[in-house]
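Read the structure below first, then the notes.
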Amino acid sequence: MERAHHKATIYDIAREAGVNPSTVSRALSQPGRVAAKTEFRIRRIAEQLGYLAQTAQTADEPLPSTGMIAAIVPTLTNPLYAITVNAMQRRLETKGYGLITLDTDQKPSVERKAMSYVMRNVDGVALLSSRLSEPDIRRIMLVRPVIVLNRTAPGLNSVVVDMARAIDDAVHALKESGHSSITYLAGPASSWSNEYRRRYIRSAAFRYDMTYRVVRECEPSVSGGKAAVEQYLIRPTDAVFAFNDELAAGFITAARRNGLRIPEDVSVIGFDNTQMSSLLTPTLSTIDMKSEQLAERAADTLVSAIRNPDGVRPEPITLTAEFMKRDSLNPHKRSTMKLGPYAEIRRTSDTIVLTMLSNAFNETMPRINEFMRTHPHIVIDPIEGRTQENTLSLYWERVINHRSVPDIINVERTALPQLAASGALQDLSSEAIEQELGPKVDRAAWQSAHYAGKLYGIPGDQSQTAMFYRADLFNHYQLEIPDTWDAFYETGVALHNRNSNRYMGVLDTTDVQHYLSFFRSARVRPWTVENDSTIVFHMRNDLVRNVATFIQQCIDDGVLNAEPMWDNRYMRAKSGTYLTVTYANWLGKILSMSYPADQGLWKVTLPPAFADPSQVATAEIGGSTLAVSAGLPEARLRAALTFLKWFQLDPVSVELRAPGGVSAAAGYVEDLTRRGTVDPYFNQPIYDVYAKSAARVNRDWDNLPFYSQLDAEFARLIVPALKPGGRSQDLFDEWERRLKIYAVSQGFAVK
């Protein structure tokens, strides 16, 4: 297919997707009219072929300025939305804009129609707690500036309220005052903010060893609260969180009619801190969601985007919620409602509920929901750790203190040996599983899911290294793309001498993984794990010291700059600071979100070689694996394996993956390469580079079975020396000494 010579059409997309052109037309112009999986695939292909961007660029003429902005809300009967809209209207008036408000009756189909109705009649759109899919919202962005409230997605202007700390404060207050069980009265299933509230309450209950259950899909109103009491009374708990204050008020009214005292029998906590919460008797404890501040920041950001369409990159604005403790929380609760850990109503006796701990679920929930739809007797209950570090710490703390752990954990492969060596993970090794799944997974990723010859998980993605580079800056400075690290160094010295504000590359000090990738690419091993109990250290070896010395020399001479490179969303350095970034393939997504104005300037190639460019070796940075906690009963273990296999390797799940990640499923990269898929940001068929890198991963490498300690010592000892004149290579003796002491303390034999 000759994409470079003509503008993409729906016929090109149809050919690529294997569907009729009419299906493409419906998917792009009438979202929701075709199957979600098909629509997702069509939109991804349309983006890859540049069709969506082209559609926006070739519109007949720029849409005229109207001086009006549209706010699209689920319902104005909810006081929170009414307060938010009023505050936004007042703010916009000070900036010369009027506000049109459309109530969608909490229906995504009505929301889509509302969008079509107002698109050409306003200058921008504010979506409050939108029920639209992410592809729908991105389609809107091609026509008008958009800001999303109470929801976030990569590359979108958004304003959200971080409620994690406030929910933790509330659950901690319940725990300290004697409560031992919680029910969450959940709001609409399509509500993004409802899902976040449920996850944070779930995670806090897990942290404080409190029984948790949920009553799903309550109507977020007083009448909804009254209806929820019937479900609550099936298995009552010491405390109730309600999706909003209205739902809480209805619950309190109906609970009293059923003979319950508030807060003597059950404590109640709402969300939003509307005026109603302080007028109830007793006054309602609630989470203040800062609605007026939210509205004002959203109005300011949207106006800025309208007036400066080519301005700064979209940024998620985060406010902090606050727990307002009032009379509806019993300060001296005597718990009488013991349900056992993590109880939840089950529709049928054969339903299995599996808890799953992961750092985040934003991008994975569509796949989890599809699994539960197609496997109705297996329910996945997400527990969010928020960061990879916190997720591992939360799991590890429960392991070492012999507390209950989640059934499934999503963990980076560098940390897998630590959990496997402790006995916390289920050994999944069997000849049948190796033969069934091994050929279906990328070889390097499959090997990384093993420890001491045993299988402890199923990998989710590939994370091999590639070199991202600014082709325009190489042309500007008349530099050659380096294919060896020696050439990289020489080119970097010349660059820094000409412009001291620019570096050839960056050394990410966020954690130890990027630093170690240099050693792995050089085929040099700082240690060897001989079996599950013996570690041989080689950190005083001349080859190891040579690599460390080279890294330090690059820092000394301005070739590399050592700093935390990104903040889990965007690159920290301003555009153009670094001519190259050698990192895992998934960084491409971070670059595209961080520097949208640089589209087409960044390119991808294989990393430099430490010797012969034809023999280049690559490394892995990151990469996730789903593992199962040890000790699950046979039926639950079978259910967990069913989920792991489907989630990581089933074609439907792979197709639903968020763009930018690279599935560990064998043939995934090769298939994209075969299709000649061109990435719209890099304007390059990047997957052929990823395929070459995957084939060159140095698999002669061991991850230490105490990654947390390795990373901590790296941060304490090595990172402070990664500066000009720091002589970091001279600290390897001490680094090895500390690691040996820790290894022995954990029962490992060291050499």
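By convention in this document, the chains of the structure tokens carry letters A, B, ... by their order, each chain's residues are numbered from 1, and ligands are numbered from 1 in the order they are shown.
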Once DSSP has gone over the backbone, tell me which residues of segment 310-477 of chain A are in strand (DSSP E), as an MDAnalysis selection string.
chainID A and resid 316:320 322:324 352:358 378:384 408:412 450:451 454:455 458:459 465:470
Distance in Å - atom CA of Ile45 of chain A versus atom CA of Asn369 of chain A
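So the answer is 22.8 Å.
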Selection near Asp427 of chain A, 9 Å with only C-alpha atoms, sequence-local residues under 4 positions removed, as a PyMOL selection string:
chain A and resi 420+423+454-457+628+630
Neighbour list for Leu672 of chain A as a PyMOL selection string, cut-off 10 Å, only C-alpha atoms, skip fewer than 3 positions in-chain
chain A and resi 667-669+675-678+685-688+691
The selected residues should be written to file as a short mmCIF file (atom, residue, chain, number, x, y, z; two decimals), in the first residue's frame (atoms: N, CA and C atoms).
```cif
data_model
loop_
_atom_site.label_atom_id
_atom_site.label_comp_id
_atom_site.auth_asym_id
_atom_site.auth_seq_id
_atom_site.Cartn_x
_atom_site.Cartn_y
_atom_site.Cartn_z
N GLY A 667 4.52 -12.36 17.41
CA GLY A 667 4.02 -11.97 16.11
C GLY A 667 3.32 -10.63 16.08
N TYR A 668 3.09 -10.01 17.26
CA TYR A 668 2.38 -8.72 17.29
C TYR A 668 3.15 -7.66 16.50
N VAL A 669 4.44 -7.51 16.81
CA VAL A 669 5.26 -6.51 16.13
C VAL A 669 5.46 -6.89 14.67
N ARG A 675 2.21 -5.28 7.81
CA ARG A 675 1.20 -4.37 7.27
C ARG A 675 1.81 -3.06 6.77
N GLY A 676 3.07 -2.81 7.15
CA GLY A 676 3.69 -1.54 6.77
C GLY A 676 3.11 -0.37 7.55
N THR A 677 2.68 -0.64 8.78
CA THR A 677 2.01 0.38 9.59
C THR A 677 2.92 1.57 9.85
N VAL A 678 2.46 2.75 9.49
CA VAL A 678 3.22 3.99 9.69
C VAL A 678 2.66 4.71 10.91
N PRO A 685 7.52 3.77 9.72
CA PRO A 685 7.09 2.42 10.13
C PRO A 685 7.96 1.93 11.29
N ILE A 686 7.65 2.38 12.49
CA ILE A 686 8.52 2.15 13.64
C ILE A 686 8.58 0.69 14.06
N TYR A 687 7.56 -0.10 13.68
CA TYR A 687 7.51 -1.46 14.21
C TYR A 687 8.56 -2.37 13.60
N ASP A 688 9.07 -2.01 12.42
CA ASP A 688 10.16 -2.82 11.91
C ASP A 688 11.41 -2.63 12.74
N ALA A 691 10.83 -4.69 15.87
CA ALA A 691 11.01 -6.12 15.59
C ALA A 691 12.49 -6.48 15.58
#
```
So which one's closest to Glu563 of chain A, A:Lys645, A:Lys440, A:Arg470, A:Lys723? Using only C-alpha atoms, please.
A:Lys723
Find the residue from A:Leu632, A:Ile535, A:Ala242, A:Ile252 that sits nearest to Leu425 of chain A; use only C-alpha atoms when measuring.
A:Leu632
Looking only at alpha helix (DSSP H) from DSSP on the backbone, list the matching residues of segment 292-436 of chain A as an mmCIF file with C-alpha atoms, in the first residue's frame.
```cif
data_model
loop_
_atom_site.group_PDB
_atom_site.id
_atom_site.type_symbol
_atom_site.label_atom_id
_atom_site.label_comp_id
_atom_site.auth_asym_id
_atom_site.auth_seq_id
_atom_site.Cartn_x
_atom_site.Cartn_y
_atom_site.Cartn_z
ATOM 1 C CA GLU A 292 -15.913 25.662 42.167
ATOM 2 C CA GLN A 293 -12.111 25.531 41.892
ATOM 3 C CA LEU A 294 -12.497 22.749 39.354
ATOM 4 C CA ALA A 295 -14.819 24.886 37.222
ATOM 5 C CA GLU A 296 -12.609 27.963 37.367
ATOM 6 C CA ARG A 297 -9.445 26.094 36.365
ATOM 7 C CA ALA A 298 -11.338 24.368 33.546
ATOM 8 C CA ALA A 299 -12.663 27.680 32.212
ATOM 9 C CA ASP A 300 -9.206 29.281 32.299
ATOM 10 C CA THR A 301 -7.572 26.330 30.533
ATOM 11 C CA LEU A 302 -10.235 26.058 27.826
ATOM 12 C CA VAL A 303 -10.093 29.779 27.037
ATOM 13 C CA SER A 304 -6.301 29.557 26.822
ATOM 14 C CA ALA A 305 -6.588 26.621 24.394
ATOM 15 C CA ILE A 306 -9.089 28.547 22.246
ATOM 16 C CA ARG A 307 -6.929 31.667 22.084
ATOM 17 C CA MET A 365 -10.378 -1.468 32.233
ATOM 18 C CA PRO A 366 -11.858 -1.869 28.708
ATOM 19 C CA ARG A 367 -10.059 -5.214 28.459
ATOM 20 C CA ILE A 368 -11.059 -6.285 31.969
ATOM 21 C CA ASN A 369 -14.686 -5.361 31.267
ATOM 22 C CA GLU A 370 -14.638 -7.323 28.003
ATOM 23 C CA PHE A 371 -13.232 -10.342 29.831
ATOM 24 C CA MET A 372 -15.990 -10.203 32.459
ATOM 25 C CA ARG A 373 -18.601 -9.825 29.717
ATOM 26 C CA THR A 374 -17.375 -12.956 27.973
ATOM 27 C CA GLN A 388 4.659 0.844 40.383
ATOM 28 C CA GLU A 389 6.800 1.514 43.440
ATOM 29 C CA ASN A 390 3.811 1.808 45.765
ATOM 30 C CA THR A 391 2.165 -1.280 44.260
ATOM 31 C CA LEU A 392 5.246 -3.388 44.941
ATOM 32 C CA SER A 393 5.664 -1.933 48.440
ATOM 33 C CA LEU A 394 2.011 -2.605 49.289
ATOM 34 C CA TYR A 395 2.230 -6.206 48.138
ATOM 35 C CA TRP A 396 5.637 -6.812 49.732
ATOM 36 C CA GLU A 397 4.580 -5.349 53.083
ATOM 37 C CA ARG A 398 1.672 -7.775 53.228
ATOM 38 C CA VAL A 399 3.885 -10.703 52.257
ATOM 39 C CA ILE A 400 6.506 -10.117 54.955
ATOM 40 C CA LEU A 416 9.326 -10.558 39.691
ATOM 41 C CA PRO A 417 12.348 -12.495 41.101
ATOM 42 C CA GLN A 418 12.022 -10.749 44.463
ATOM 43 C CA LEU A 419 8.441 -11.948 44.886
ATOM 44 C CA ALA A 420 9.179 -15.382 43.405
ATOM 45 C CA ALA A 421 12.180 -15.979 45.704
ATOM 46 C CA GLU A 431 5.348 -28.848 30.549
ATOM 47 C CA ALA A 432 1.831 -28.261 29.281
ATOM 48 C CA ILE A 433 1.880 -24.502 29.999
ATOM 49 C CA GLU A 434 5.382 -24.076 28.581
ATOM 50 C CA GLN A 435 4.366 -25.851 25.398
ATOM 51 C CA GLU A 436 1.015 -24.057 25.147
#
```
Determine, counting only C-alpha atoms, which protein, DNA and RNA residues have an atom within 6 Å of an atom of segment 151-162 of chain A; residues of the same chain fewer than 3 positions away are not included. Present the result as a ChimeraX atom specification.
/A:147-148,314-321,593
Convert the current residue selection to file output with C-alpha atoms, as an mmCIF file, in the first residue's frame.
```cif
data_model
loop_
_atom_site.group_PDB
_atom_site.id
_atom_site.type_symbol
_atom_site.label_atom_id
_atom_site.label_comp_id
_atom_site.auth_asym_id
_atom_site.auth_seq_id
_atom_site.Cartn_x
_atom_site.Cartn_y
_atom_site.Cartn_z
ATOM 1 C CA ILE A 147 -11.459 20.150 28.234
ATOM 2 C CA VAL A 148 -12.589 17.176 30.273
ATOM 3 C CA PRO A 314 -2.190 19.630 27.025
ATOM 4 C CA GLU A 315 -1.682 19.266 30.757
ATOM 5 C CA PRO A 316 -3.826 17.436 33.298
ATOM 6 C CA ILE A 317 -4.607 19.819 36.150
ATOM 7 C CA THR A 318 -5.007 18.072 39.476
ATOM 8 C CA LEU A 319 -6.704 19.521 42.549
ATOM 9 C CA THR A 320 -6.749 17.778 45.923
ATOM 10 C CA ALA A 321 -9.964 16.621 47.577
ATOM 11 C CA MET A 593 2.268 13.331 24.370
#
```
Neighbouring residues of Glu246 of chain A were defined as those with any atom within 9 Å, considering only C-alpha atoms; residues of the same chain fewer than 2 positions away were excluded. Please report them as a list in words.
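In the requested form, the answer reads Asn78, Pro79, Pro220, Ser221, Val222, Ser223, Gly224, Gly225, Ala242, Phe243, Asn244, Ala248, Ala249, Gly250, Phe251, Gly270, Phe271, Thr274, Met276 and Ser277 of chain A.
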For Val125 of chain A: contacts at 7 Å, only C-alpha atoms, fewer than 2 positions along chain excluded, given as a PDB file with N, CA, C and O atoms, in the first residue's frame:
```
ATOM      1  N   ILE A  69     -19.229  28.969  24.535  1.00  0.00           N
ATOM      2  CA  ILE A  69     -18.640  27.691  24.928  1.00  0.00           C
ATOM      3  C   ILE A  69     -19.773  26.787  25.393  1.00  0.00           C
ATOM      4  O   ILE A  69     -20.738  27.255  26.006  1.00  0.00           O
ATOM      5  N   ALA A  70     -19.657  25.496  25.085  1.00  0.00           N
ATOM      6  CA  ALA A  70     -20.681  24.531  25.498  1.00  0.00           C
ATOM      7  C   ALA A  70     -20.182  23.717  26.683  1.00  0.00           C
ATOM      8  O   ALA A  70     -19.032  23.272  26.697  1.00  0.00           O
ATOM      9  N   ALA A  71     -21.046  23.543  27.659  1.00  0.00           N
ATOM     10  CA  ALA A  71     -20.793  22.614  28.766  1.00  0.00           C
ATOM     11  C   ALA A  71     -21.803  21.475  28.636  1.00  0.00           C
ATOM     12  O   ALA A  71     -23.015  21.713  28.627  1.00  0.00           O
ATOM     13  N   LEU A 127     -16.519  19.010  28.837  1.00  0.00           N
ATOM     14  CA  LEU A 127     -17.237  17.759  29.094  1.00  0.00           C
ATOM     15  C   LEU A 127     -17.140  17.435  30.574  1.00  0.00           C
ATOM     16  O   LEU A 127     -16.053  17.185  31.087  1.00  0.00           O
ATOM     17  N   PRO A 145     -11.393  22.867  20.486  1.00  0.00           N
ATOM     18  CA  PRO A 145     -10.709  22.629  21.760  1.00  0.00           C
ATOM     19  C   PRO A 145     -11.669  22.022  22.778  1.00  0.00           C
ATOM     20  O   PRO A 145     -12.838  22.413  22.859  1.00  0.00           O
ATOM     21  N   VAL A 146     -11.173  21.066  23.525  1.00  0.00           N
ATOM     22  CA  VAL A 146     -11.986  20.345  24.497  1.00  0.00           C
ATOM     23  C   VAL A 146     -11.257  20.313  25.832  1.00  0.00           C
ATOM     24  O   VAL A 146     -10.034  20.175  25.869  1.00  0.00           O
ATOM     25  N   ILE A 147     -12.007  20.452  26.911  1.00  0.00           N
ATOM     26  CA  ILE A 147     -11.459  20.150  28.234  1.00  0.00           C
ATOM     27  C   ILE A 147     -12.399  19.182  28.923  1.00  0.00           C
ATOM     28  O   ILE A 147     -13.632  19.275  28.789  1.00  0.00           O
TER      29      ILE A 147
END
```
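Closest approach to Leu606 of chain A among A:Pro564, A:Pro482, A:Gly725, A:Pro720: A:Pro482, based on only C-alpha atoms.
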Contacts between segment 95-103 of chain A and segment 126-170 of chain A, please, where a residue of segment 126-170 of chain A counts if it comes within 12 Å (with only C-alpha atoms); show its shortest atom pair and distance in Å to one decimal, rows by chain and ascending number, as CSV.
```
residue,atom,partner,partner_atom,distance
A:Ala126,CA,A:Thr101,CA,9.5
A:Leu127,CA,A:Leu102,CA,10.0
A:Leu128,CA,A:Asp103,CA,10.3
A:Ser129,CA,A:Asp103,CA,11.8
A:Ser130,CA,A:Asp103,CA,11.3
```
Print the selection's residues with N, CA and C atoms to a file, as a PDB file, in the first residue's frame.
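Saved the output as part_4.pdb:
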```pdb
ATOM      1  N   ALA A 126     -16.638  21.931  27.078  1.00  0.00           N
ATOM      2  CA  ALA A 126     -16.278  21.373  28.379  1.00  0.00           C
ATOM      3  C   ALA A 126     -17.152  20.152  28.626  1.00  0.00           C
ATOM      4  N   LEU A 127     -16.519  19.010  28.837  1.00  0.00           N
ATOM      5  CA  LEU A 127     -17.237  17.759  29.094  1.00  0.00           C
ATOM      6  C   LEU A 127     -17.140  17.435  30.574  1.00  0.00           C
ATOM      7  N   LEU A 128     -18.256  17.442  31.273  1.00  0.00           N
ATOM      8  CA  LEU A 128     -18.278  17.143  32.703  1.00  0.00           C
ATOM      9  C   LEU A 128     -18.609  15.669  32.893  1.00  0.00           C
ATOM     10  N   SER A 129     -17.681  14.939  33.552  1.00  0.00           N
ATOM     11  CA  SER A 129     -17.901  13.517  33.844  1.00  0.00           C
ATOM     12  C   SER A 129     -18.422  12.786  32.617  1.00  0.00           C
ATOM     13  N   SER A 130     -17.747  12.974  31.500  1.00  0.00           N
ATOM     14  CA  SER A 130     -18.222  12.448  30.220  1.00  0.00           C
ATOM     15  C   SER A 130     -18.323  10.931  30.236  1.00  0.00           C
TER      16      SER A 130
END
```
May I ask which of the residues A:Ile287, A:Val24, A:Ile718, A:Ala619 is the closest one to Gln462 of chain A, counting only C-alpha atoms?
A:Ala619
Please compute the atom CA of Asp442 of chain A-atom CA of Ala666 of chain A distance, one decimal, in Å.
4.7 Å
What is the atom CA of Tyr477 of chain A to atom CA of Tyr570 of chain A distance in Å?
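Computing the Euclidean distance for atom CA of Tyr477 of chain A and atom CA of Tyr570 of chain A yields 26.1 Å.
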